[in-house]
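Q: One file: final-v4.pdb (PDB, C-alpha atoms and all ligand atoms).
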```pdb
ATOM      1  CA  MET A   2     -23.169  36.525  94.855  1.00  0.00           C
ATOM      2  CA  ILE A   3     -22.909  36.885  98.641  1.00  0.00           C
ATOM      3  CA  ILE A   4     -19.852  37.938 100.591  1.00  0.00           C
ATOM      4  CA  PRO A   5     -17.677  34.911 101.368  1.00  0.00           C
ATOM      5  CA  ILE A   6     -17.497  33.830 105.009  1.00  0.00           C
ATOM      6  CA  ARG A   7     -13.707  33.781 104.890  1.00  0.00           C
ATOM      7  CA  CYS A   8     -11.272  35.717 102.745  1.00  0.00           C
ATOM      8  CA  TRP A   9     -10.380  33.644  99.673  1.00  0.00           C
ATOM      9  CA  SER A  10      -6.711  34.453  99.979  1.00  0.00           C
ATOM     10  CA  CYS A  11      -5.737  34.622 103.672  1.00  0.00           C
ATOM     11  CA  GLY A  12      -8.641  32.826 105.388  1.00  0.00           C
ATOM     12  CA  LYS A  13      -9.616  35.622 107.777  1.00  0.00           C
ATOM     13  CA  PRO A  14     -13.339  35.485 108.696  1.00  0.00           C
ATOM     14  CA  VAL A  15     -14.962  38.488 106.982  1.00  0.00           C
ATOM     15  CA  GLY A  16     -18.599  37.510 106.329  1.00  0.00           C
ATOM     16  CA  HIS A  17     -19.911  38.946 109.594  1.00  0.00           C
ATOM     17  CA  LEU A  18     -18.519  42.404 108.711  1.00  0.00           C
ATOM     18  CA  TRP A  19     -20.521  42.926 105.510  1.00  0.00           C
ATOM     19  CA  GLU A  20     -23.694  44.408 107.048  1.00  0.00           C
ATOM     20  CA  ASP A  21     -21.620  46.794 109.194  1.00  0.00           C
ATOM     21  CA  PHE A  22     -19.630  47.820 106.151  1.00  0.00           C
ATOM     22  CA  LEU A  23     -22.743  48.647 104.118  1.00  0.00           C
ATOM     23  CA  ALA A  24     -24.343  50.559 106.991  1.00  0.00           C
ATOM     24  CA  LYS A  25     -21.258  52.624 107.816  1.00  0.00           C
ATOM     25  CA  THR A  26     -20.439  53.491 104.210  1.00  0.00           C
ATOM     26  CA  ASN A  27     -24.047  54.220 103.245  1.00  0.00           C
ATOM     27  CA  ASN A  28     -23.911  51.503 100.592  1.00  0.00           C
ATOM     28  CA  ARG A  29     -20.339  52.317  99.544  1.00  0.00           C
ATOM     29  CA  THR A  30     -20.850  55.996  98.833  1.00  0.00           C
ATOM     30  CA  LYS A  31     -18.562  57.436 101.537  1.00  0.00           C
ATOM     31  CA  ASN A  32     -15.657  56.699 103.889  1.00  0.00           C
ATOM     32  CA  VAL A  33     -14.768  53.301 102.454  1.00  0.00           C
ATOM     33  CA  LYS A  34     -11.133  53.547 103.539  1.00  0.00           C
ATOM     34  CA  GLU A  35     -11.941  54.656 107.088  1.00  0.00           C
ATOM     35  CA  THR A  36     -14.604  51.960 107.450  1.00  0.00           C
ATOM     36  CA  LEU A  37     -12.247  49.220 106.302  1.00  0.00           C
ATOM     37  CA  ASP A  38      -9.694  50.456 108.843  1.00  0.00           C
ATOM     38  CA  GLU A  39     -12.365  50.517 111.585  1.00  0.00           C
ATOM     39  CA  LEU A  40     -13.464  46.976 110.817  1.00  0.00           C
ATOM     40  CA  GLY A  41      -9.889  45.744 111.187  1.00  0.00           C
ATOM     41  CA  LEU A  42      -9.386  44.751 107.569  1.00  0.00           C
ATOM     42  CA  GLU A  43      -5.699  45.491 107.095  1.00  0.00           C
ATOM     43  CA  ARG A  44      -4.589  43.139 104.336  1.00  0.00           C
ATOM     44  CA  TYR A  45      -5.313  44.176 100.777  1.00  0.00           C
ATOM     45  CA  CYS A  46      -6.806  40.789  99.911  1.00  0.00           C
ATOM     46  CA  CYS A  47      -9.636  41.288 102.438  1.00  0.00           C
ATOM     47  CA  ARG A  48     -10.073  44.955 101.530  1.00  0.00           C
ATOM     48  CA  ALA A  49     -10.339  44.126  97.840  1.00  0.00           C
ATOM     49  CA  GLN A  50     -13.181  41.707  98.536  1.00  0.00           C
ATOM     50  CA  PHE A  51     -15.231  44.386 100.236  1.00  0.00           C
ATOM     51  CA  MET A  52     -14.515  47.019  97.607  1.00  0.00           C
ATOM     52  CA  GLY A  53     -15.133  44.758  94.633  1.00  0.00           C
ATOM     53  CA  HIS A  54     -18.065  42.752  95.903  1.00  0.00           C
ATOM     54  CA  VAL A  55     -21.421  43.059  94.095  1.00  0.00           C
ATOM     55  CA  ASP A  56     -24.383  41.611  95.947  1.00  0.00           C
ATOM     56  CA  LEU A  57     -26.289  39.686  93.264  1.00  0.00           C
ATOM     57  CA  LEU A  58     -28.198  37.244  95.442  1.00  0.00           C
ATOM     58  CA  GLU A  59     -31.572  38.955  95.001  1.00  0.00           C
ATOM     59  CA  THR A  60     -31.044  39.330  91.259  1.00  0.00           C
ATOM     60  CA  THR A  61     -30.124  35.701  90.680  1.00  0.00           C
ATOM     61  CA  SER A  62     -32.777  34.363  93.022  1.00  0.00           C
ATOM     62  CA  ALA A  63     -35.430  35.677  90.618  1.00  0.00           C
ATOM     63  CA  PHE A  64     -34.542  32.853  88.237  1.00  0.00           C
ATOM     64  CA  LYS A  65     -35.780  29.346  88.819  1.00  0.00           C
ATOM     65  CA  LYS A  66     -33.428  26.404  89.032  1.00  0.00           C
ATOM     66  CA  PHE A  67     -34.179  23.536  86.677  1.00  0.00           C
TER      67      PHE A  67
HETATM   68 ZN    ZN A 101      -7.513  38.391 103.249  1.00  0.00          ZN
END
```
Output the file's structure as structure tokens, nothing else.

A:
Amino acid sequence: MIIPIRCWSCGKPVGHLWEDFLAKTNNRTKNVKETLDELGLERYCCRAQFMGHVDLLETTSAFKKF
């Protein structure tokens, strides 16, 4: 859906890094490892969230809630 504000596993705040991550990696097409290092994401739990995240907010917001 949207990137969590804190890492699910360790609790480190990561939500504010998402826009930077997308901009620096050109939407995850290059330098993912270097960008994660630059952003200070050292633990694999936080890194996995950024690598595996799929932003579906716009897709799901097309459907009405009943
Ligand atoms: Zn973590």

Q: List all protein, DNA and RNA residues that have any atom at most 12 Å from ligand ZN 101 (chain A), counting only C-alpha atoms and all ligand atoms, and write the list as a count of residues only.

A: 23

Q: I'd like the interatomic distance between atom CA of Met52 of chain A and atom CA of Phe64 of chain A, to a tenth of an Å.

A: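 Value for the atom CA of Met52 of chain A-atom CA of Phe64 of chain A distance: 26.3 Å.
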
Q: Quick one: of A:Met2, A:Asp38, A:Lys65, A:Asn32, who's nearest to Leu18 of chain A, counting all atoms listed in the file?

A: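 Result for the nearest residue to Leu18 of chain A: A:Asp38.
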
Q: Would you mind reading off the distance between atom CA of Lys34 of chain A and atom CA of Thr61 of chain A, one decimal, in Å?

A: 29.1 Å

Q: Find the distance between atom CA of Ile4 of chain A and atom CA of Val55 of chain A and write it in Å to one decimal.

A: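 Interatomic distance, atom CA of Ile4 of chain A to atom CA of Val55 of chain A: 8.4 Å.
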
Q: Write out as a PDB file with C-alpha atoms, in the frame of the given file the residues lying within 8 Å of Ile3 of chain A, counting all atoms listed in the file and excluding same-chain residues fewer than 6 positions away.

A:
```
ATOM      1  CA  VAL A  55     -21.421  43.059  94.095  1.00  0.00           C
ATOM      2  CA  ASP A  56     -24.383  41.611  95.947  1.00  0.00           C
ATOM      3  CA  LEU A  57     -26.289  39.686  93.264  1.00  0.00           C
ATOM      4  CA  LEU A  58     -28.198  37.244  95.442  1.00  0.00           C
TER       5      LEU A  58
END
```

Q: Taking all heavy atoms as the atom set, what does segment 31-42 of chain A look like once completed, written as an mmCIF file, in the coordinates of the input?

A:
```cif
data_model
loop_
_atom_site.group_PDB
_atom_site.id
_atom_site.type_symbol
_atom_site.label_atom_id
_atom_site.label_comp_id
_atom_site.auth_asym_id
_atom_site.auth_seq_id
_atom_site.Cartn_x
_atom_site.Cartn_y
_atom_site.Cartn_z
ATOM 1 N N LYS A 31 -19.473 56.552 100.807
ATOM 2 C CA LYS A 31 -18.562 57.436 101.537
ATOM 3 C C LYS A 31 -17.708 56.655 102.531
ATOM 4 O O LYS A 31 -18.102 55.597 103.005
ATOM 5 C CB LYS A 31 -19.331 58.528 102.263
ATOM 6 C CG LYS A 31 -20.318 57.993 103.284
ATOM 7 C CD LYS A 31 -21.092 59.100 103.946
ATOM 8 C CE LYS A 31 -22.071 58.541 104.948
ATOM 9 N NZ LYS A 31 -22.915 59.552 105.534
ATOM 10 N N ASN A 32 -16.541 57.191 102.835
ATOM 11 C CA ASN A 32 -15.657 56.699 103.889
ATOM 12 C C ASN A 32 -15.321 55.225 103.796
ATOM 13 O O ASN A 32 -15.265 54.530 104.799
ATOM 14 C CB ASN A 32 -16.262 56.969 105.260
ATOM 15 C CG ASN A 32 -16.447 58.429 105.533
ATOM 16 O OD1 ASN A 32 -15.690 59.241 105.018
ATOM 17 N ND2 ASN A 32 -17.441 58.760 106.318
ATOM 18 N N VAL A 33 -15.083 54.719 102.603
ATOM 19 C CA VAL A 33 -14.768 53.301 102.454
ATOM 20 C C VAL A 33 -13.447 52.971 103.136
ATOM 21 O O VAL A 33 -13.348 51.994 103.876
ATOM 22 C CB VAL A 33 -14.745 52.907 100.965
ATOM 23 C CG1 VAL A 33 -14.238 51.493 100.797
ATOM 24 C CG2 VAL A 33 -16.133 53.037 100.369
ATOM 25 N N LYS A 34 -12.442 53.805 102.943
ATOM 26 C CA LYS A 34 -11.133 53.547 103.539
ATOM 27 C C LYS A 34 -11.209 53.550 105.060
ATOM 28 O O LYS A 34 -10.716 52.625 105.716
ATOM 29 C CB LYS A 34 -10.116 54.579 103.071
ATOM 30 C CG LYS A 34 -8.749 54.376 103.684
ATOM 31 C CD LYS A 34 -7.846 55.553 103.404
ATOM 32 C CE LYS A 34 -6.488 55.368 104.045
ATOM 33 N NZ LYS A 34 -6.524 55.318 105.494
ATOM 34 N N GLU A 35 -11.856 54.565 105.638
ATOM 35 C CA GLU A 35 -11.941 54.656 107.088
ATOM 36 C C GLU A 35 -12.729 53.479 107.654
ATOM 37 O O GLU A 35 -12.394 52.936 108.710
ATOM 38 C CB GLU A 35 -12.598 55.971 107.511
ATOM 39 C CG GLU A 35 -11.710 57.196 107.354
ATOM 40 C CD GLU A 35 -11.732 57.761 105.948
ATOM 41 O OE1 GLU A 35 -12.518 57.263 105.109
ATOM 42 O OE2 GLU A 35 -10.955 58.689 105.672
ATOM 43 N N THR A 36 -13.798 53.081 106.969
ATOM 44 C CA THR A 36 -14.604 51.960 107.450
ATOM 45 C C THR A 36 -13.822 50.665 107.422
ATOM 46 O O THR A 36 -13.890 49.872 108.365
ATOM 47 C CB THR A 36 -15.879 51.843 106.608
ATOM 48 O OG1 THR A 36 -16.561 53.087 106.626
ATOM 49 C CG2 THR A 36 -16.780 50.762 107.152
ATOM 50 N N LEU A 37 -13.059 50.431 106.363
ATOM 51 C CA LEU A 37 -12.247 49.220 106.302
ATOM 52 C C LEU A 37 -11.218 49.209 107.417
ATOM 53 O O LEU A 37 -10.953 48.168 108.016
ATOM 54 C CB LEU A 37 -11.568 49.111 104.934
ATOM 55 C CG LEU A 37 -12.499 48.792 103.759
ATOM 56 C CD1 LEU A 37 -11.753 48.921 102.453
ATOM 57 C CD2 LEU A 37 -13.090 47.408 103.894
ATOM 58 N N ASP A 38 -10.638 50.365 107.726
ATOM 59 C CA ASP A 38 -9.694 50.456 108.843
ATOM 60 C C ASP A 38 -10.397 50.166 110.169
ATOM 61 O O ASP A 38 -9.878 49.431 111.008
ATOM 62 C CB ASP A 38 -9.049 51.842 108.892
ATOM 63 C CG ASP A 38 -8.102 52.077 107.728
ATOM 64 O OD1 ASP A 38 -7.652 51.087 107.129
ATOM 65 O OD2 ASP A 38 -7.829 53.252 107.424
ATOM 66 N N GLU A 39 -11.603 50.731 110.352
ATOM 67 C CA GLU A 39 -12.365 50.517 111.585
ATOM 68 C C GLU A 39 -12.709 49.053 111.795
ATOM 69 O O GLU A 39 -12.685 48.549 112.913
ATOM 70 C CB GLU A 39 -13.693 51.281 111.521
ATOM 71 C CG GLU A 39 -13.675 52.662 112.105
ATOM 72 C CD GLU A 39 -15.040 53.325 111.953
ATOM 73 O OE1 GLU A 39 -16.058 52.635 112.161
ATOM 74 O OE2 GLU A 39 -15.074 54.514 111.608
ATOM 75 N N LEU A 40 -13.054 48.371 110.706
ATOM 76 C CA LEU A 40 -13.464 46.976 110.817
ATOM 77 C C LEU A 40 -12.283 46.040 111.008
ATOM 78 O O LEU A 40 -12.468 44.837 111.199
ATOM 79 C CB LEU A 40 -14.250 46.558 109.564
ATOM 80 C CG LEU A 40 -15.594 47.257 109.359
ATOM 81 C CD1 LEU A 40 -16.197 46.858 108.032
ATOM 82 C CD2 LEU A 40 -16.551 46.924 110.483
ATOM 83 N N GLY A 41 -11.070 46.571 110.953
ATOM 84 C CA GLY A 41 -9.889 45.744 111.187
ATOM 85 C C GLY A 41 -9.427 44.970 109.975
ATOM 86 O O GLY A 41 -8.725 43.978 110.113
ATOM 87 N N LEU A 42 -9.838 45.412 108.795
ATOM 88 C CA LEU A 42 -9.386 44.751 107.569
ATOM 89 C C LEU A 42 -8.119 45.454 107.094
ATOM 90 O O LEU A 42 -8.185 46.519 106.488
ATOM 91 C CB LEU A 42 -10.482 44.811 106.501
ATOM 92 C CG LEU A 42 -11.763 44.078 106.880
ATOM 93 C CD1 LEU A 42 -12.873 44.407 105.908
ATOM 94 C CD2 LEU A 42 -11.528 42.591 106.915
#
```
